[in-house]
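J.: Dropping a structure here in structure tokens format, bear with me for questions.
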Amino acid sequence: MSSNPQNVSVPIPLPVDHRGPVRANGSRAKAHVAIVRPAHLTLSDVPKVGLSDICLSYRAHGGERLLALDNINLQVKAGEFLCIVGPSGCGKSTLLHLIAGLHQPTSGQVLVDGKPIHGPGTDRILIFQELGLFPWLTVGQNVEFGMKMKGMGKAEREEKTRYFLRLVHLGQFKDSYTHQLSGGMRQRVALARALATEPDVLLMDEPFAALDAQTRDLLHDELERIWAETGRTIIFVTHNVREAVRLGDRVTLLTFRPGRVKREFPVDLPRPRHLEDVDVARAARQILDELREEINRSLEVEYHEGVKPHVETGLEQQ
Amino acid sequence: MKRAARYIVFYAALLGLWALLAKLKIWPPYLFPTPWGVANELYNGFRDHSYWIAIVVSMKRVLLGYLVSVVLGMILGLGVASNKFLEETMGGLLVSLQSLPSICWWPLALLWFGFNQNAILFVVVMGSLLSVTIAMEDGRKQMPKIYGMAGRNLGARGFQLFWHVLLPASLPYIVTGLKQGWAFAWRSLITAEMLYVSLGLGQVLMMGRETSNTDAVIAVMILIIGLGYIVDGVIFKSLERRLQHKWGLAPST
């Protein structure tokens with residue numbers, strides 16, 4: 001076992017304002033000094049996000065209808081960190097797009113606070129796998145974008161931009177363009193841009209898939225800290241099982257084509273966790289055993305259709 | 001440095017060849033102008049302000065016509081790109097219309113507007129509108145879809161989405177089309193001006209023919225090429241370069 005300093009439960013330093021940023025309605029985001037599961041945030045019985053009987057089918061090139069998502073039912077509590085895993089092609093990214101309101105399900109409903117959603121809304125912000133940062137804007141202008149669309153005043157916008165850039169440790173890079181930054185930094189810009197619109201729900205689509213292991217470790221720590229600090233609900237999609245266990249309060253496993261909820265695994269490990277923790281590895285192993293079936297199915301399809309599945313177990317990178 | 005030297009050598013050789021051919025008097029001097037005759041013509045033309053006036057008149061016209069076709073072309077192109085029905089119907093029409101030389105609009109322009117400026121403007125607009133429209137349409141289609149989604153995701157709607165996201169996101173893709181539209185506008189203008197007493201460069205060019213002054217003809221041709229080059233090679237090039245730099249598309253030098 002490595003003696004990684006991040007394994008030791010040292011309180012992680014927080015920015016000056018421990019109460020979190022003021023939201024648009026004047027209330028403050030809930031904040032936590034130590035990184036623990038924010039149990040008192042789960043008081044409400046109405047789930048923050050509810051998916052009821054979500055089905056999605058589309059017409060394939062051949063003309064026949066393909067079922068991508070089949071009868072998905074999921075409840076996410078306020079302040080919960082939910083990870084969704086599954087092999088490529090299980091529709092997990094599509095699910096996030098549905099929650100974000102960028103696409104419509106064929107049937108079923110997406111509920112936020114018990115109410116059905118109508119299109120995209122800034123209460124749910126999606127961080128795309130490709131990030132979708134605007135290359136014609138500086139880092140600061142990117143972070144500012146959502147607030148500007150809301151019609152927030154310039155002074156307030158600038159103050160919040162500074163706050164959120166500091167939160168992701170990019171205070172020095174306000175005037176840089178995104179293509180001048182490294183992959184990990186761009187990732188943090190996307191996180192700051194999403195947080196700056198002060199969403200209740202943060203949807204993250206394999207955000208760390210393209211990063212090297214060291215950067216990924218670092219961003220896991222930061223994401224966990226920010227989650228604990230801001231009390232956001234996070235739905236995090238990944239194909240890396242160990243990453244899911246490292247971050248999530250709960251891991252939901254989807255099946256391969258059509259995507260169904262195969263099983264849910266609560267993760268009751270103390271935080272902060274680390275990717276290399278024995279407990280994390282053990283929990284991941286258990287989920288991976290279930291996932292393997294789906295991987296095998298996707299491999300069979302590869303032989304028949306020439307579709308290349310991409311599954312990263314997260315167990316090989318030590 | 002080396003590149004500049006190559007340019008100098010090339011153009012010096014070209015001028016030398018021209019001077020030599022003129023000196024040999026293979027063709028009668030009134031048909032084959034000399035470099036010094038052309039240089040003299042350019043000098044006189046600028047000194048008596050007739051070239052300046054022609055340049056200003058022509059530039060005003062082409063700028064106005066180009067502006068009109070950029071605004072109209074943007075609206076048309078975006079409309080075609082964002083509507084499946086329009087794309088299927090108008091798309092083909094636009095491409096086939098583009099094969100029509102812009103001067104073919106001249107008779108219609110005369111009938112509609114009479115012998116005046118507006119007829120010239122009409123030809124300029126018709127000459128560049130289509131290529132701007134097609135460029136806008138292509139730009140919208142080539143633009144990665146993620147920007148539109150990210151914009152909507154962050155709360156941009158309607159005109160906000162167009163102005164703050166879709167337009168800037170497609171700029172690198174449409175700038176080539178804008179450049180091409182400019183080239184078409186410039187050519188259409190000169191052609192139209194040649195057919196009408198118009199004060200512009202086109203008319204000055206025709207005046208050279210009427211007075212059998214080949215020196216003047218070549219001088220004005222050089223002016224037309226030079227102006228085209230300045231706008232295309234200097235203004236649009238630097239715009240393109242700035243865009244590429246800002247968007248992070250610049251090739252590493």
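Letters for chains follow the order of the structure tokens (A, B, ...), residue numbers begin at 1 for each chain, and ligand numbers begin at 1 in the order shown.
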Determine, counting only C-alpha atoms, which protein, DNA and RNA residues have an atom within 9 Å of an atom of Leu66 in chain A; residues of the same chain fewer than 5 positions away are not included. Present the result as a PyMOL selection string.
T.: chain A and resi 56-60+257-258
J.: Would you output that residue set with C-alpha atoms, as a JSON list (two decimals), in the first residue's frame?
T.:
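Result written to out_3.json:
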```json
[["chain", "number", "residue", "atom", "x", "y", "z"],
["A", 56, "LEU", "CA", -35.87, 6.22, -25.49],
["A", 57, "SER", "CA", -35.87, 4.72, -28.94],
["A", 58, "TYR", "CA", -34.59, 6.10, -32.18],
["A", 59, "ARG", "CA", -34.59, 5.17, -35.82],
["A", 60, "ALA", "CA", -31.32, 3.59, -36.86],
["A", 257, "ARG", "CA", -28.32, -2.08, -25.13],
["A", 258, "PRO", "CA", -30.96, -1.35, -24.23]]
```
J.: As a list of chain:residue names, please: the residues near Met206 in chain B (cut-off 12 Å, only C-alpha atoms, same-chain neighbours under 5 positions excluded).
T.: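 Those residues are B:Ile190, B:Thr191, B:Ala192, B:Glu193, B:Met194, B:Leu195, B:Tyr196, B:Val197, B:Ser198, B:Leu199, B:Gly200, B:Leu201, B:Thr211, B:Ser212, B:Asn213, B:Thr214, B:Ala216, B:Val217, B:Ile218, B:Ala219, B:Val220, B:Met221.
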J.: Could you write out as a PDB file with C-alpha atoms, in the first residue's frame the residues of chain B within 12 Å of chain A, counting only C-alpha atoms?
T.:
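Saved result, selection16.pdb, follows:
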```pdb
ATOM      1  CA  MET B 143     -19.903  24.020 -36.598  1.00  0.00           C
ATOM      2  CA  PRO B 144     -19.639  21.384 -33.856  1.00  0.00           C
ATOM      3  CA  LYS B 145     -23.090  20.790 -32.369  1.00  0.00           C
ATOM      4  CA  ILE B 146     -21.699  20.862 -28.844  1.00  0.00           C
ATOM      5  CA  TYR B 147     -21.557  24.670 -28.775  1.00  0.00           C
ATOM      6  CA  GLY B 148     -25.267  25.020 -29.409  1.00  0.00           C
ATOM      7  CA  MET B 149     -26.015  22.416 -26.756  1.00  0.00           C
ATOM      8  CA  ALA B 150     -23.644  23.994 -24.252  1.00  0.00           C
ATOM      9  CA  GLY B 151     -25.231  27.384 -24.903  1.00  0.00           C
ATOM     10  CA  ARG B 152     -28.742  26.100 -24.341  1.00  0.00           C
ATOM     11  CA  ASN B 153     -27.557  24.187 -21.315  1.00  0.00           C
ATOM     12  CA  LEU B 154     -26.232  27.418 -19.800  1.00  0.00           C
ATOM     13  CA  GLY B 155     -29.503  29.218 -20.384  1.00  0.00           C
ATOM     14  CA  ALA B 156     -29.057  30.966 -23.752  1.00  0.00           C
ATOM     15  CA  ARG B 157     -32.244  31.164 -25.823  1.00  0.00           C
ATOM     16  CA  GLY B 158     -33.374  32.525 -29.175  1.00  0.00           C
ATOM     17  CA  PHE B 159     -31.491  35.593 -30.310  1.00  0.00           C
ATOM     18  CA  GLN B 160     -29.094  35.345 -27.325  1.00  0.00           C
ATOM     19  CA  LEU B 161     -28.131  31.862 -28.471  1.00  0.00           C
ATOM     20  CA  TRP B 163     -25.604  36.171 -31.113  1.00  0.00           C
ATOM     21  CA  HIS B 164     -23.477  34.822 -28.273  1.00  0.00           C
ATOM     22  CA  VAL B 165     -22.986  31.229 -29.370  1.00  0.00           C
ATOM     23  CA  LEU B 166     -23.984  30.190 -32.890  1.00  0.00           C
ATOM     24  CA  LEU B 167     -22.549  33.194 -34.720  1.00  0.00           C
ATOM     25  CA  PRO B 168     -19.135  33.243 -33.008  1.00  0.00           C
ATOM     26  CA  ALA B 169     -18.929  29.449 -33.124  1.00  0.00           C
ATOM     27  CA  SER B 170     -19.412  29.379 -36.882  1.00  0.00           C
ATOM     28  CA  LEU B 171     -17.162  32.374 -37.661  1.00  0.00           C
ATOM     29  CA  PRO B 172     -14.031  30.351 -38.495  1.00  0.00           C
ATOM     30  CA  ARG B 242      -6.740  36.749 -35.779  1.00  0.00           C
ATOM     31  CA  LEU B 243      -9.689  34.366 -35.737  1.00  0.00           C
ATOM     32  CA  GLN B 244      -7.479  31.303 -35.933  1.00  0.00           C
ATOM     33  CA  HIS B 245      -5.254  32.614 -33.206  1.00  0.00           C
ATOM     34  CA  LYS B 246      -8.131  33.417 -30.895  1.00  0.00           C
ATOM     35  CA  TRP B 247      -9.895  30.115 -31.574  1.00  0.00           C
ATOM     36  CA  GLY B 248      -6.662  28.201 -31.048  1.00  0.00           C
ATOM     37  CA  LEU B 249      -6.646  26.890 -34.617  1.00  0.00           C
ATOM     38  CA  ALA B 250      -3.429  28.606 -35.651  1.00  0.00           C
TER      39      ALA B 250
END
```
J.: By how many Å are CA of Tyr30 in chain B and CA of Tyr11 in chain B apart?
T.: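 Distance reported for this atom pair: 23.9 Å.
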